[in-house]
file structure01.txt (compact mmCIF, C-alpha atoms)
# COMPACT_ATOMS: atom_id res chain seq x y z
CA MET D 96 -5.92 -53.08 9.11
CA LYS D 97 -3.41 -53.93 11.81
CA ASP D 98 -1.44 -50.72 11.32
CA LEU D 99 -4.65 -48.67 11.54
CA PHE D 100 -5.36 -50.24 14.91
CA VAL D 101 -1.82 -49.47 16.05
CA ILE D 102 -2.19 -45.83 14.96
CA LEU D 103 -5.50 -45.55 16.82
CA LEU D 104 -4.19 -46.98 20.08
CA ALA D 105 -0.90 -45.10 19.84
CA ALA D 106 -2.67 -41.76 19.41
CA MET D 107 -5.02 -42.59 22.27
CA LEU D 108 -2.71 -44.08 24.85
CA THR D 109 1.04 -44.08 24.28
CA ASP D 110 1.23 -40.69 22.56
CA ASN D 111 -1.73 -39.18 24.36
CA PHE D 112 -2.04 -35.62 23.12
CA VAL D 113 -2.57 -34.04 26.50
CA LEU D 114 -0.41 -36.11 28.78
CA SER D 115 2.61 -36.84 26.61
CA LYS D 116 2.54 -34.25 23.83
CA PHE D 117 1.25 -31.36 25.94
CA MET D 118 -1.27 -30.16 23.40
CA GLY D 119 -4.53 -28.69 24.60
CA ILE D 120 -3.36 -28.07 28.14
CA CYS D 121 -5.60 -25.01 28.53
CA PRO D 122 -8.91 -26.86 28.09
CA PHE D 123 -7.45 -29.82 30.01
CA LEU D 124 -6.94 -27.62 33.06
CA GLY D 125 -9.83 -25.25 32.39
CA VAL D 126 -12.78 -27.49 31.53
CA SER D 127 -11.98 -30.57 33.59
CA LYS D 128 -13.66 -29.58 36.82
CA LYS D 129 -16.91 -31.41 36.14
CA LEU D 130 -17.52 -34.70 34.43
CA ASP D 131 -20.26 -33.48 32.09
CA SER D 132 -18.32 -30.50 30.80
CA ALA D 133 -15.24 -32.71 30.37
CA THR D 134 -17.25 -35.18 28.30
CA GLY D 135 -18.86 -32.41 26.24
CA MET D 136 -15.55 -30.77 25.48
CA GLY D 137 -14.01 -34.16 24.62
CA ILE D 138 -16.77 -35.01 22.15
CA ALA D 139 -16.61 -31.56 20.55
CA VAL D 140 -12.81 -31.74 20.16
CA THR D 141 -12.97 -35.25 18.67
CA PHE D 142 -15.59 -34.13 16.19
CA VAL D 143 -13.68 -31.03 15.13
CA MET D 144 -10.40 -32.95 14.89
CA ILE D 145 -11.90 -35.51 12.51
CA CYS D 146 -13.59 -32.85 10.37
CA ALA D 147 -10.52 -30.59 10.37
CA THR D 148 -8.36 -33.46 9.15
CA ALA D 149 -10.92 -34.39 6.52
CA VAL D 150 -10.83 -30.79 5.23
CA THR D 151 -7.15 -29.87 5.57
CA TYR D 152 -5.70 -33.13 4.23
CA PRO D 153 -7.21 -32.75 0.72
CA ILE D 154 -6.27 -29.06 0.72
CA HIS D 155 -2.65 -29.88 1.50
CA HIS D 156 -2.29 -32.70 -1.01
CA GLY D 157 -4.66 -31.36 -3.65
CA ILE D 158 -3.92 -27.64 -3.73
CA LEU D 159 -0.77 -26.73 -1.81
CA VAL D 160 1.61 -29.54 -2.83
CA PRO D 161 0.95 -29.42 -6.62
CA ASN D 162 1.62 -25.68 -6.55
CA GLY D 163 4.70 -25.92 -4.34
CA LEU D 164 3.08 -23.93 -1.55
CA GLU D 165 3.58 -26.32 1.37
CA TYR D 166 5.03 -23.54 3.49
CA PHE D 167 1.58 -21.93 3.63
CA ASP D 168 0.36 -24.90 5.69
CA THR D 169 0.18 -23.05 9.00
CA VAL D 170 -1.69 -20.02 7.69
CA VAL D 171 -4.11 -22.03 5.58
CA PHE D 172 -4.80 -24.70 8.21
CA ILE D 173 -5.55 -22.31 11.03
CA LEU D 174 -7.85 -20.25 8.83
CA VAL D 175 -9.65 -23.33 7.57
CA ILE D 176 -10.11 -24.56 11.15
CA ALA D 177 -11.40 -21.17 12.30
CA LEU D 178 -13.86 -20.95 9.40
CA PHE D 179 -14.90 -24.56 9.83
CA VAL D 180 -15.66 -24.19 13.51
CA GLN D 181 -17.81 -21.15 12.73
CA LEU D 182 -19.63 -23.09 10.04
CA VAL D 183 -20.30 -26.07 12.29
CA GLU D 184 -21.56 -23.79 15.02
CA THR D 185 -23.99 -22.02 12.69
CA MET D 186 -25.20 -25.28 11.16
CA LEU D 187 -25.73 -26.96 14.51
CA LYS D 188 -27.65 -23.95 15.75
CA LYS D 189 -29.99 -24.05 12.73
CA CYS D 190 -30.35 -27.79 12.12
CA ILE D 191 -29.84 -29.67 15.36
CA PRO D 192 -30.59 -27.24 18.21
CA SER D 193 -30.60 -30.01 20.81
CA LEU D 194 -27.04 -30.99 19.96
CA TYR D 195 -26.08 -27.33 19.80
CA SER D 196 -27.28 -26.69 23.30
CA SER D 197 -25.02 -29.42 24.64
CA LEU D 198 -21.96 -29.04 22.39
CA GLY D 199 -22.27 -25.57 20.91
CA VAL D 200 -20.74 -23.70 23.82
CA TYR D 201 -17.50 -25.63 23.47
CA LEU D 202 -17.03 -24.94 19.79
CA PRO D 203 -15.60 -21.39 19.93
CA LEU D 204 -13.01 -22.66 22.42
CA ILE D 205 -11.68 -25.11 19.91
CA THR D 206 -10.44 -22.66 17.27
CA THR D 207 -7.38 -21.79 19.30
CA ASN D 208 -6.92 -25.24 20.78
CA CYS D 209 -3.43 -26.32 19.83
CA ALA D 210 -4.41 -30.00 19.76
CA VAL D 211 -6.59 -29.45 16.68
CA LEU D 212 -3.94 -27.60 14.69
CA GLY D 213 -1.40 -30.07 16.06
CA VAL D 214 -3.21 -33.16 14.81
CA THR D 215 -3.68 -31.75 11.30
CA VAL D 216 0.00 -30.79 11.04
CA LEU D 217 1.18 -34.12 12.48
CA ASN D 218 -0.93 -36.03 9.93
CA ILE D 219 0.94 -34.22 7.16
CA ASP D 220 4.37 -34.52 8.83
CA ASN D 221 3.99 -38.27 9.32
CA ASN D 222 3.07 -38.83 5.66
CA TYR D 223 -0.11 -40.67 6.57
CA SER D 224 -2.56 -41.80 3.94
CA PHE D 225 -6.03 -40.27 4.13
CA ILE D 226 -7.48 -43.23 6.04
CA GLN D 227 -4.54 -43.31 8.44
CA ALA D 228 -4.89 -39.55 9.01
CA ILE D 229 -8.57 -39.90 9.90
CA VAL D 230 -7.85 -42.83 12.23
CA ASN D 231 -5.08 -40.83 13.89
CA SER D 232 -7.50 -37.94 14.46
CA VAL D 233 -10.10 -40.26 15.97
CA GLY D 234 -7.46 -41.68 18.31
CA ALA D 235 -6.17 -38.24 19.26
CA GLY D 236 -9.67 -36.99 19.99
CA LEU D 237 -10.62 -40.05 22.05
CA GLY D 238 -7.33 -39.81 23.93
CA PHE D 239 -8.06 -36.17 24.70
CA MET D 240 -11.50 -37.08 26.00
CA LEU D 241 -10.12 -39.97 28.06
CA ALA D 242 -7.57 -37.69 29.71
CA LEU D 243 -10.19 -35.04 30.45
CA VAL D 244 -12.67 -37.53 31.90
CA ILE D 245 -10.08 -39.28 34.08
CA PHE D 246 -8.75 -35.96 35.27
CA SER D 247 -12.19 -34.61 36.17
CA GLY D 248 -12.50 -37.57 38.54
CA VAL D 249 -9.13 -36.80 40.11
CA ARG D 250 -10.04 -33.14 40.56
CA LYS D 251 -13.29 -33.99 42.30
CA LYS D 252 -11.31 -35.84 44.96
CA MET D 253 -8.85 -32.96 45.22
CA GLU D 254 -11.52 -30.49 46.23
CA TYR D 255 -11.67 -32.09 49.65
CA ALA D 256 -7.92 -32.30 50.15
CA ASP D 257 -6.10 -30.04 52.55
CA ILE D 258 -3.41 -28.47 50.38
CA PRO D 259 -0.69 -26.03 51.53
CA LYS D 260 -1.62 -22.44 50.69
CA ALA D 261 1.05 -21.85 48.05
CA PHE D 262 0.02 -25.00 46.19
CA LYS D 263 -3.71 -24.28 46.10
CA GLY D 264 -5.30 -23.98 42.69
CA VAL D 265 -3.17 -24.40 39.61
CA PRO D 266 0.05 -25.83 41.17
CA ALA D 267 -1.83 -28.69 42.84
CA THR D 268 -3.74 -29.34 39.60
CA LEU D 269 -0.48 -29.53 37.67
CA ILE D 270 1.05 -31.97 40.14
CA ALA D 271 -2.07 -34.14 39.94
CA ALA D 272 -1.74 -34.02 36.16
CA SER D 273 1.84 -35.19 36.57
CA ILE D 274 0.69 -38.25 38.48
CA VAL D 275 -2.01 -39.05 35.89
CA SER D 276 0.72 -38.68 33.26
CA VAL D 277 2.89 -41.21 35.13
CA SER D 278 0.01 -43.68 34.96
CA PHE D 279 -0.16 -43.21 31.18
CA MET D 280 3.56 -44.02 30.97
CA GLY D 281 2.51 -47.56 31.79
CA PHE D 282 1.20 -47.85 28.22
CA SER D 283 4.57 -47.01 26.71
CA GLY D 284 5.64 -50.62 26.26
CA LEU D 285 2.44 -51.50 24.43
CA PHE D 286 3.94 -51.43 20.93
CA SER D 287 7.54 -52.30 20.42
CA MET S 258 10.68 11.86 30.25
CA ALA S 259 7.43 10.50 31.57
CA GLU S 260 6.88 8.84 28.20
CA LYS S 261 10.25 7.10 28.40
CA LYS S 262 9.64 5.92 31.90
CA SER S 263 6.30 4.37 31.04
CA LEU S 264 7.77 2.59 28.03
CA LEU S 265 10.44 1.13 30.28
CA SER S 266 7.80 -0.03 32.71
CA GLU S 267 5.98 -1.77 29.83
CA ILE S 268 9.14 -3.81 29.35
CA THR S 269 9.87 -4.60 32.98
CA LYS S 270 6.32 -5.54 33.97
CA GLY S 271 6.44 -8.60 31.72
CA LEU S 272 9.62 -9.90 33.30
CA ILE S 273 8.44 -10.46 36.83
CA LYS S 274 5.28 -8.74 38.01
CA GLU S 275 3.11 -9.88 35.13
CA ASN S 276 5.26 -12.76 33.95
CA PRO S 277 3.07 -14.40 31.30
CA THR S 278 3.84 -17.99 32.23
CA LEU S 279 4.41 -18.04 35.97
CA VAL S 280 1.99 -15.32 37.11
CA MET S 281 -0.63 -15.01 34.36
CA LEU S 282 -0.43 -18.73 33.50
CA LEU S 283 -0.63 -18.31 29.74
CA GLY S 284 1.02 -20.46 27.10
CA MET S 285 1.27 -23.67 29.08
CA CYS S 286 1.67 -26.04 26.12
CA PRO S 287 5.11 -24.89 24.89
CA THR S 288 6.22 -24.30 28.48
CA LEU S 289 5.74 -27.97 29.22
CA ALA S 290 6.67 -29.44 25.89
CA VAL S 291 10.02 -27.99 24.87
CA THR S 292 11.69 -27.50 28.23
CA THR S 293 13.55 -30.80 28.42
CA GLN S 294 16.71 -28.76 27.87
CA ALA S 295 17.55 -25.20 28.91
CA LYS S 296 18.84 -24.52 25.38
CA ASN S 297 15.50 -25.43 23.78
CA GLY S 298 13.71 -23.24 26.31
CA ILE S 299 15.75 -20.22 25.24
CA GLY S 300 15.26 -20.99 21.54
CA MET S 301 11.51 -21.37 21.94
CA GLY S 302 11.35 -18.23 24.08
CA LEU S 303 13.22 -16.12 21.56
CA ALA S 304 11.20 -17.46 18.62
CA THR S 305 8.00 -16.60 20.48
CA THR S 306 9.37 -13.16 21.40
CA PHE S 307 10.06 -12.45 17.76
CA VAL S 308 6.57 -13.51 16.65
CA LEU S 309 5.05 -11.52 19.50
CA LEU S 310 7.04 -8.41 18.58
CA GLY S 311 6.07 -8.64 14.92
CA SER S 312 2.42 -9.38 15.52
CA ASN S 313 2.07 -6.73 18.24
CA ILE S 314 3.57 -4.04 15.98
CA VAL S 315 1.45 -4.96 12.95
CA ILE S 316 -1.77 -5.38 14.93
CA SER S 317 -1.19 -2.12 16.75
CA ALA S 318 -0.54 -0.34 13.45
CA LEU S 319 -3.72 -1.78 11.93
CA ARG S 320 -5.88 -1.47 15.04
CA ARG S 321 -8.12 1.23 13.52
CA ILE S 322 -8.47 -0.57 10.20
CA ILE S 323 -9.39 -4.09 11.33
CA PRO S 324 -13.16 -4.26 11.94
CA ASP S 325 -14.03 -5.53 15.37
CA LYS S 326 -16.13 -8.43 14.09
CA VAL S 327 -13.39 -10.10 12.07
CA ARG S 328 -10.53 -9.26 14.38
CA ILE S 329 -9.87 -12.83 15.51
CA PRO S 330 -9.36 -14.26 11.98
CA ALA S 331 -7.32 -11.16 11.10
CA PHE S 332 -5.08 -11.64 14.15
CA ILE S 333 -4.67 -15.32 13.35
CA VAL S 334 -3.50 -14.59 9.80
CA ILE S 335 -0.98 -11.99 10.98
CA ILE S 336 0.39 -14.27 13.70
CA ALA S 337 0.55 -17.33 11.42
CA SER S 338 2.49 -15.35 8.82
CA PHE S 339 5.12 -14.39 11.37
CA VAL S 340 5.34 -17.99 12.58
CA THR S 341 5.96 -19.20 9.02
CA PHE S 342 8.66 -16.55 8.67
CA VAL S 343 10.40 -17.58 11.91
CA GLY S 344 10.17 -21.21 10.80
CA PHE S 345 12.11 -20.39 7.61
CA ILE S 346 14.80 -18.48 9.50
CA LEU S 347 15.33 -21.24 12.05
CA GLU S 348 15.33 -23.96 9.40
CA GLY S 349 17.96 -22.05 7.44
CA PHE S 350 20.28 -20.85 10.17
CA VAL S 351 19.77 -23.12 13.22
CA PRO S 352 18.55 -26.45 11.83
CA ASP S 353 19.35 -28.24 15.13
CA LEU S 354 16.95 -26.04 17.06
CA TYR S 355 14.39 -26.31 14.25
CA ASP S 356 14.46 -30.10 14.57
CA SER S 357 14.22 -30.16 18.33
CA LEU S 358 11.31 -27.69 18.48
CA GLY S 359 9.51 -29.63 15.74
CA ILE S 360 5.77 -29.21 15.67
CA TYR S 361 5.76 -26.83 18.63
CA LEU S 362 7.23 -24.16 16.37
CA THR S 363 4.08 -24.30 14.24
CA LEU S 364 1.99 -24.25 17.37
CA ILE S 365 3.32 -20.80 18.35
CA THR S 366 0.40 -19.71 16.15
CA VAL S 367 -2.10 -20.76 18.78
CA ASN S 368 -0.02 -19.74 21.79
CA CYS S 369 -2.39 -17.83 24.06
CA ILE S 370 0.31 -15.36 25.10
CA ILE S 371 0.47 -13.95 21.58
CA PHE S 372 -3.27 -13.96 21.14
CA GLY S 373 -3.85 -12.54 24.58
CA ARG S 374 -1.40 -9.68 24.11
CA ALA S 375 -2.90 -8.87 20.70
CA GLU S 376 -6.36 -8.75 22.21
CA MET S 377 -5.54 -7.07 25.51
CA PHE S 378 -2.74 -4.71 24.59
CA ALA S 379 -1.81 -4.23 20.93
CA SER S 380 -5.35 -3.60 19.75
CA LYS S 381 -5.72 -0.79 22.28
CA ASN S 382 -2.28 0.86 22.44
CA GLY S 383 0.19 2.65 20.19
CA ILE S 384 3.00 1.03 18.26
CA ALA S 385 5.87 1.97 20.59
CA ALA S 386 4.05 0.79 23.71
CA SER S 387 2.98 -2.44 21.99
CA ALA S 388 6.53 -3.17 20.89
CA CYS S 389 7.83 -2.64 24.44
CA ASP S 390 5.04 -4.79 25.82
CA ALA S 391 5.97 -7.54 23.35
CA ILE S 392 9.65 -7.41 24.31
CA GLY S 393 8.86 -7.52 28.02
CA MET S 394 6.34 -10.36 27.73
CA GLY S 395 8.58 -12.28 25.35
CA LEU S 396 11.60 -12.00 27.62
CA GLY S 397 9.49 -12.95 30.63
CA PHE S 398 8.32 -16.04 28.75
CA THR S 399 11.93 -16.83 27.76
CA LEU S 400 13.04 -16.44 31.37
CA ALA S 401 10.34 -18.83 32.58
CA LEU S 402 11.19 -21.40 29.90
CA PHE S 403 14.89 -21.11 30.71
CA LEU S 404 14.16 -21.68 34.40
CA MET S 405 11.96 -24.70 33.65
CA GLY S 406 14.50 -26.08 31.18
CA SER S 407 17.38 -25.65 33.62
CA VAL S 408 15.61 -27.43 36.46
CA ARG S 409 14.50 -30.30 34.25
CA GLU S 410 17.84 -30.68 32.50
CA ILE S 411 19.92 -30.53 35.70
CA ILE S 412 17.80 -33.02 37.62
CA GLY S 413 16.61 -35.18 34.74
CA ALA S 414 19.79 -35.48 32.69
CA GLY S 415 22.56 -34.25 34.98
CA GLN S 416 23.61 -31.68 32.41
CA TRP S 417 23.24 -27.96 31.97
CA MET S 418 23.80 -26.18 28.65
CA GLY S 419 25.99 -29.09 27.51
CA MET S 420 28.05 -29.28 30.71
CA ASN S 421 27.99 -32.42 32.83
CA ILE S 422 27.13 -31.95 36.48
CA PRO S 423 29.09 -34.23 38.83
CA VAL S 424 27.13 -36.79 40.90
CA LEU S 425 23.81 -35.96 39.19
CA HIS S 426 25.20 -37.00 35.84
CA GLU S 427 25.79 -40.56 37.02
CA ASN S 428 22.33 -40.93 38.54
CA PRO S 429 19.89 -38.70 36.66
CA MET S 430 16.22 -38.79 37.62
CA LEU S 431 14.90 -39.57 34.17
CA LEU S 432 11.34 -38.82 35.23
CA PHE S 433 12.06 -35.10 35.09
CA ILE S 434 12.68 -35.03 31.36
CA MET S 435 9.60 -37.15 30.75
CA PRO S 436 6.17 -35.53 30.33
CA ALA S 437 5.17 -36.22 33.94
CA GLY S 438 8.22 -34.33 35.18
CA GLY S 439 7.18 -31.31 33.12
CA PHE S 440 3.83 -31.02 34.89
CA PHE S 441 5.49 -31.56 38.24
CA THR S 442 8.26 -28.98 37.74
CA LEU S 443 5.85 -26.32 36.51
CA GLY S 444 3.52 -26.95 39.44
CA VAL S 445 6.35 -26.61 41.95
CA ILE S 446 7.77 -23.48 40.28
CA ILE S 447 4.37 -21.76 40.26
CA ALA S 448 3.88 -22.72 43.91
CA ALA S 449 7.33 -21.26 44.70
CA VAL S 450 6.42 -18.03 42.92
CA ASN S 451 3.19 -17.88 44.93
CA LYS S 452 5.11 -18.41 48.14
CA ILE S 453 7.73 -15.76 47.36
CA ALA S 454 5.24 -13.21 46.10
CA ASP S 455 2.99 -14.11 49.05
CA LYS S 456 -0.01 -13.25 46.98
CA LYS S 457 -3.34 -14.91 46.75
CA PRO S 458 -2.67 -17.89 44.50
CA PRO S 459 -4.48 -17.84 41.18
CA GLN S 460 -7.39 -20.23 41.33
CA GLU S 461 -7.74 -20.54 37.60
CA LEU S 462 -5.72 -20.24 34.44
CA GLY S 463 -5.01 -16.80 33.07
CA CYS S 464 -8.39 -16.47 31.48
CA HIS S 465 -8.45 -12.69 31.34
CA GLY S 466 -5.84 -12.85 28.60
CA CYS S 467 -7.59 -15.52 26.62
CA PRO S 468 -9.71 -14.52 23.62
CA ASN S 469 -12.07 -17.32 24.54
CA ALA S 470 -12.68 -16.21 28.07
CA SER S 471 -16.34 -15.36 27.57
CA ALA S 472 -17.11 -18.55 25.67
CA CYS S 473 -15.22 -20.56 28.24
CA ALA S 474 -17.16 -19.01 31.09
CA GLN S 475 -20.37 -20.02 29.33
CA ALA S 476 -19.15 -23.54 28.73
CA GLY S 477 -17.29 -23.91 31.95
CA LYS S 478 -19.82 -24.28 34.71
CA GLY S 479 -16.61 -24.61 36.62
CA GLY S 480 -14.28 -23.76 33.77
CA CYS S 481 -13.02 -20.21 33.63
CA GLU S 482 -15.17 -18.05 35.81

call {"tool": "encode", "arguments": {"input": "structure01.txt", "output": "structure tokens"}}
result
Amino acid sequence: MKDLFVILLAAMLTDNFVLSKFMGICPFLGVSKKLDSATGMGIAVTFVMICATAVTYPIHHGILVPNGLEYFDTVVFILVIALFVQLVETMLKKCIPSLYSSLGVYLPLITTNCAVLGVTVLNIDNNYSFIQAIVNSVGAGLGFMLALVIFSGVRKKMEYADIPKAFKGVPATLIAASIVSVSFMGFSGLFS
Amino acid sequence: MAEKKSLLSEITKGLIKENPTLVMLLGMCPTLAVTTQAKNGIGMGLATTFVLLGSNIVISALRRIIPDKVRIPAFIVIIASFVTFVGFILEGFVPDLYDSLGIYLTLITVNCIIFGRAEMFASKNGIAASACDAIGMGLGFTLALFLMGSVREIIGAGQWMGMNIPVLHENPMLLFIMPAGGFFTLGVIIAAVNKIADKKPPQELGCHGCPNASACAQAGKGGCE
């Protein structure tokens, strides 16, 4: 139980996917302008991460490893994620239209989000058990959402700042991200 | 003659004018993640160039066969196959580099530069032009990673390609090889490019090259317009 908690907090805070592993930078910079879109994207990514792990983990250990095909991981995982995202989108559209209208638009973005492929591969690389893998995905997803939500607040303030011309836009956003990343370094002594 | 000249321009445009990382702002994740050392930057850049070259050639050759509706899964499979292949080669011949790139090698699969070039260029142009485009874009990416890696390694570790730099080596600014330094360095380099090029700075990420641009615009409400 204790190690599960450590995995959860580590994935969320100390090894935050966006701010210390640099995965999912595109949505982090692209969809963090407003709080509601940041929250929506965060929830959608968390959901897909958990489901992708739940699907790819059995495939890796049940099909690929017994047949000595571990090197197909990348190809199989990315295809499974792409198919899965499509499936979820179609199902949400049919069954829960209200949820689809709030989350559905983010789903196609997630297929090529490196954080999702990253978390499934890391779960395998770290030799986690199934439960640990799921907990790690939950932590990674929540960490992603936390970073996006915090950063949307920072960007709102930045809109009113008087920034030199060359720094306007992406450079200023990156430097703000750097400062948010420094604040997350404060968590690094949490587990030792 | 004209043919030759245009092929050459396909190569050179990727280096500076349409540099994928610094001007078009694609492929940010590997740019930030592996550039703690100049050496890793070059390794990552060359690995990506190879995948880009392979996938551009194959996608361009198959561009009339792949149906439009399933093109994204088809592209993904082609790209992922090349990534697996590069992974084997690096693991066999340069295990040091393989270890230091780690998971980011696998993540070349979802690098938007490769996807973007497949979508924007290879699926519309001939094989020779696509190959030249891949080489130019790949080398431009490598150049950007090398620049990032050099800055971070010199300031953050006081070393450059294994050589110690006097003064800086005794008092390195560790922050620069930490994640925060990555964001900071990239921001400053892009700002410098803006200043030198004296162009209108890009307000958003390089969405035109992203296969998700339309979905993102829908979702964005402030995302990619």

call {"tool": "residues_around", "arguments": {"input": "structure01.txt", "residues": "Met107 in chain D", "least_positions_apart": "6", "cutoff": "12 Å", "atoms": "all atoms listed in the file", "output": "list in words"}}
result
Phe100, Val101, Val113, Leu114, Ser115, Lys116, Thr141, Val230, Asn231, Ser232, Val233, Gly234, Ala235, Gly236, Leu237, Gly238, Phe239, Met240, Leu241, Ala242, Phe279, Phe282, Ser283 and Leu285 of chain D

call {"tool": "residues_near_point", "arguments": {"input": "structure01.txt", "point": "(23.4, -36.9, 37.2)", "cutoff": "7 Å", "atoms": "all atoms listed in the file", "output": "list of chain:residue names"}}
result
S:Ile412, S:Ala414, S:Gly415, S:Ile422, S:Pro423, S:Val424, S:Leu425, S:His426, S:Glu427, S:Asn428, S:Pro429

call {"tool": "interface_residues", "arguments": {"input": "structure01.txt", "of": "chain D", "to": "chain S", "cutoff": "6 Å", "atoms": "all atoms listed in the file", "output": "ChimeraX atom specification"}}
result
/D:115,117-118,120,125-126,128,170,200-201,204,207,209,261-262,264,266,269-270,273,276-277

call {"tool": "closest_residue", "arguments": {"input": "structure01.txt", "among": "D:Ile226, D:Leu159, D:Leu178, D:Ile154", "to": "Pro203 in chain D", "atoms": "all atoms listed in the file"}}
result
D:Leu178

call {"tool": "atom_distance", "arguments": {"input": "structure01.txt", "atom1": "CA of Leu243 in chain D", "atom2": "CA of Ala401 in chain S"}}
result
26.2 Å

call {"tool": "atom_distance", "arguments": {"input": "structure01.txt", "atom1": "CA of Asn222 in chain D", "atom2": "CA of Gly119 in chain D"}}
result
22.8 Å

call {"tool": "closest_residue", "arguments": {"input": "structure01.txt", "among": "D:Asn208, D:Tyr223, D:Thr215, D:Tyr166", "to": "Pro122 in chain D", "atoms": "all atoms listed in the file"}}
result
D:Asn208

call {"tool": "residues_around", "arguments": {"input": "structure01.txt", "residues": "Arg250 in chain D", "least_positions_apart": "4", "cutoff": "10 Å", "atoms": "only C-alpha atoms", "output": "PyMOL selection string"}}
result
chain D and resi 124+127-130+245-246+254-256+267-268+271-272

call {"tool": "residues_around", "arguments": {"input": "structure01.txt", "residues": "Ala295 in chain S", "least_positions_apart": "3", "cutoff": "6 Å", "atoms": "only C-alpha atoms", "output": "list in words"}}
result
Gly298, Phe403, Gly406 and Ser407 of chain S

call {"tool": "residues_around", "arguments": {"input": "structure01.txt", "residues": "Leu309 in chain S", "least_positions_apart": "3", "cutoff": "8 Å", "atoms": "only C-alpha atoms", "output": "PyMOL selection string"}}
result
chain S and resi 305-306+312-313+336+371+391-392+395

call {"tool": "residues_around", "arguments": {"input": "structure01.txt", "residues": "Tyr152 in chain D", "least_positions_apart": "5", "cutoff": "8 Å", "atoms": "all atoms listed in the file", "output": "VMD selection string"}}
result
chain D and resid 215 218 to 219 225

call {"tool": "closest_residue", "arguments": {"input": "structure01.txt", "among": "D:Ser278, D:Ser196, D:Asn162, D:Ser224", "to": "Gly135 in chain D", "atoms": "all atoms listed in the file"}}
result
D:Ser196

call {"tool": "atom_distance", "arguments": {"input": "structure01.txt", "atom1": "CA of Ile102 in chain D", "atom2": "CA of Ala139 in chain D"}}
result
21.0 Å

call {"tool": "closest_residue", "arguments": {"input": "structure01.txt", "among": "D:Pro259, D:Gly248, D:Gly157, D:Gly284", "to": "Thr134 in chain D", "atoms": "only C-alpha atoms"}}
result
D:Gly248
